[in-house]
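Undergrad: One structure is given below, represented as structure tokens, and several questions about it will come after.
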Amino acid sequence: MGKFEGVLLASDFDDTLVGGSCELSPGNRAALTYFIREGGRFTVATGRARRTFAPYAHTVPLNAPVILSNGALLYDFAAGRTVVDLPLPETAAADLGQLCAVMPQIGVETYHGDDVYICQPNAFTQRHVERVRTTWTQRDLPDMPQPWSKAVIRADYQSLLTAQKYLLDRWPDRYEVIFSNAVLLECTAKTATTGGM
């Protein structure tokens, strides 16, 4: 029995486990290999969707399912299957449509399976999809296939503060609305949290 038997360690991915190049440092790799060899279970807990994390899953020594989309999805890359899926409610398209109507400066990305859709693309959404190296399709919110694992609202910080307040004032029982950084506001189902997953 190893010294870390029964211990689960989860790490954020971007700018925590890896830097801007998305490469695991030799020191981190050695530490994780030792941890796993001694019986520990290691996983990643990230805001990235399955599609945008999948290219890196094989580069990290994982031996537990990965928490994706800020707690909306638990995916086992070794088995190639979804363990838990907590999508946004069906009302998300209408609710976010109301937000877009009063705030036309925001861009909204939605994630349906491995597909990414954007409504009202802007400079912030463009930078984000370039950083996570993904392709996307432009569609109006009602025309995007559902369910969505999450929606990402992109704009300047002050606009996002207003958007967060708008959503939480109207539908506090439907959504988690948290900042991933100053220009990225993530919206998941109320039941979907990284800690809860």
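Order determines the names: the first chain of the structure tokens is A, the second B, and so forth; residues in each chain are numbered 1 upward, and ligands are numbered 1 upward as they are shown.
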Excluding region 67-76 of chain A and its own-chain neighbours fewer than 2 positions away, which residues fall within 10 Å of it when counting only C-alpha atoms? Please give them as a PyMOL selection string.

TA: chain A and resi 10-12+43-53+62-65+78-88+111+148-152+176+178+180+186-197

Undergrad: As a ChimeraX atom specification, please: every residue in region 5-166 of chain A that a backbone DSSP assignment puts in alpha helix (DSSP H).

TA: /A:26-37,50-57,92-102,123-131,157-166

Undergrad: Figure out the distance between CA of Leu9 (chain A) and CA of Leu24 (chain A), please, to one decimal in Å.

TA: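 Answer for the CA of Leu24 (chain A) to CA of Leu9 (chain A) separation: 16.0 Å.
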
Undergrad: Which residues, written as a PyMOL selection string, have at least one atom at most 10 Å from region 123-136 of chain A, with only C-alpha atoms counted and residues fewer than 5 positions away on the same chain left out?

TA: chain A and resi 14+20+22+48-49+51-53+55+106-111+115-118+152-156+183-184

Undergrad: Quick one: DSSP strand (DSSP E) residues in region 24-197 of chain A, as a VMD selection string?

TA: chain A and resid 41 to 44 66 to 68 73 to 76 81 to 85 107 to 112 115 to 119 137 to 138 150 to 154 175 to 181 184 to 189

Undergrad: Could you save those same residues with C-alpha atoms as a PDB file, in the first residue's frame?

TA:
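Done, and the output landed in again-v8.pdb:
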```pdb
ATOM      1  CA  ARG A  41      -5.390   9.430  -7.684  1.00  0.00           C
ATOM      2  CA  PHE A  42      -4.780  12.513  -9.845  1.00  0.00           C
ATOM      3  CA  THR A  43      -7.121  14.477 -12.057  1.00  0.00           C
ATOM      4  CA  VAL A  44      -7.660  17.895 -13.578  1.00  0.00           C
ATOM      5  CA  VAL A  66     -11.530  14.798 -15.367  1.00  0.00           C
ATOM      6  CA  ILE A  67     -13.816  17.599 -14.161  1.00  0.00           C
ATOM      7  CA  LEU A  68     -14.641  19.745 -17.210  1.00  0.00           C
ATOM      8  CA  LEU A  73     -19.121  17.369 -16.900  1.00  0.00           C
ATOM      9  CA  LEU A  74     -17.124  14.507 -15.410  1.00  0.00           C
ATOM     10  CA  TYR A  75     -15.392  12.605 -18.197  1.00  0.00           C
ATOM     11  CA  ASP A  76     -13.257   9.467 -18.040  1.00  0.00           C
ATOM     12  CA  ARG A  81     -17.128   7.934 -21.577  1.00  0.00           C
ATOM     13  CA  THR A  82     -19.105  10.567 -19.704  1.00  0.00           C
ATOM     14  CA  VAL A  83     -19.551   9.765 -16.012  1.00  0.00           C
ATOM     15  CA  VAL A  84     -21.752  12.734 -14.988  1.00  0.00           C
ATOM     16  CA  ASP A  85     -23.382  15.427 -17.150  1.00  0.00           C
ATOM     17  CA  GLY A 107     -20.336  37.719 -26.961  1.00  0.00           C
ATOM     18  CA  VAL A 108     -21.700  34.343 -25.878  1.00  0.00           C
ATOM     19  CA  GLU A 109     -20.037  30.968 -26.505  1.00  0.00           C
ATOM     20  CA  THR A 110     -21.998  27.778 -25.871  1.00  0.00           C
ATOM     21  CA  TYR A 111     -20.746  24.207 -25.717  1.00  0.00           C
ATOM     22  CA  HIS A 112     -22.913  21.366 -27.032  1.00  0.00           C
ATOM     23  CA  ASP A 115     -19.272  21.689 -30.786  1.00  0.00           C
ATOM     24  CA  VAL A 116     -18.712  25.362 -29.999  1.00  0.00           C
ATOM     25  CA  TYR A 117     -21.219  28.028 -31.044  1.00  0.00           C
ATOM     26  CA  ILE A 118     -20.910  31.786 -30.718  1.00  0.00           C
ATOM     27  CA  CYS A 119     -23.601  34.454 -30.703  1.00  0.00           C
ATOM     28  CA  THR A 137     -19.921  28.130 -35.636  1.00  0.00           C
ATOM     29  CA  GLN A 138     -21.790  31.431 -35.488  1.00  0.00           C
ATOM     30  CA  LYS A 150     -21.902  25.771 -20.264  1.00  0.00           C
ATOM     31  CA  ALA A 151     -22.069  29.249 -21.741  1.00  0.00           C
ATOM     32  CA  VAL A 152     -19.145  31.671 -21.681  1.00  0.00           C
ATOM     33  CA  ILE A 153     -19.916  35.392 -21.743  1.00  0.00           C
ATOM     34  CA  ARG A 154     -17.128  37.556 -23.117  1.00  0.00           C
ATOM     35  CA  TYR A 175     -27.248  29.382 -12.749  1.00  0.00           C
ATOM     36  CA  GLU A 176     -23.756  29.524 -11.326  1.00  0.00           C
ATOM     37  CA  VAL A 177     -22.133  32.627 -12.871  1.00  0.00           C
ATOM     38  CA  ILE A 178     -18.444  32.970 -12.034  1.00  0.00           C
ATOM     39  CA  PHE A 179     -15.420  34.796 -13.386  1.00  0.00           C
ATOM     40  CA  SER A 180     -12.572  32.706 -14.796  1.00  0.00           C
ATOM     41  CA  ASN A 181     -10.648  35.892 -15.483  1.00  0.00           C
ATOM     42  CA  LEU A 184     -14.452  35.638 -19.137  1.00  0.00           C
ATOM     43  CA  LEU A 185     -17.699  34.952 -17.257  1.00  0.00           C
ATOM     44  CA  GLU A 186     -18.771  31.306 -17.087  1.00  0.00           C
ATOM     45  CA  CYS A 187     -22.381  30.239 -16.746  1.00  0.00           C
ATOM     46  CA  THR A 188     -23.226  26.666 -15.695  1.00  0.00           C
ATOM     47  CA  ALA A 189     -26.277  25.003 -14.193  1.00  0.00           C
TER      48      ALA A 189
END
```

Undergrad: Provide the CA of Gly2 (chain A) to CA of Arg37 (chain A) distance in Å, to one decimal place.

TA: 7.4 Å

Undergrad: Figure out the distance between CA of Glu38 (chain A) and CA of Lys3 (chain A), please, to one decimal in Å.

TA: 5.6 Å

Undergrad: Counting only C-alpha atoms, figure out which residue out of A:Leu99, A:Thr33, A:Ala93, A:His58 gets nearest to Leu168 (chain A).

TA: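 Of A:Leu99, A:Thr33, A:Ala93, A:His58, the one nearest Leu168 (chain A) is A:Leu99, counting only C-alpha atoms.
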
Undergrad: Just checking: using only C-alpha atoms, which residue out of A:Val18, A:Ala30, A:Ile36, A:Ala94 ends up closest to Asp143 (chain A)?

TA: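 Of the candidates, the smallest distance to Asp143 (chain A) is held by A:Ala94.
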
Undergrad: Using only C-alpha atoms, find the one residue out of A:Asp169, A:Gly39, A:Ala31, A:Phe13 that sits nearest to Ala57 (chain A).

TA: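 Of the candidates, the smallest distance to Ala57 (chain A) is held by A:Phe13.
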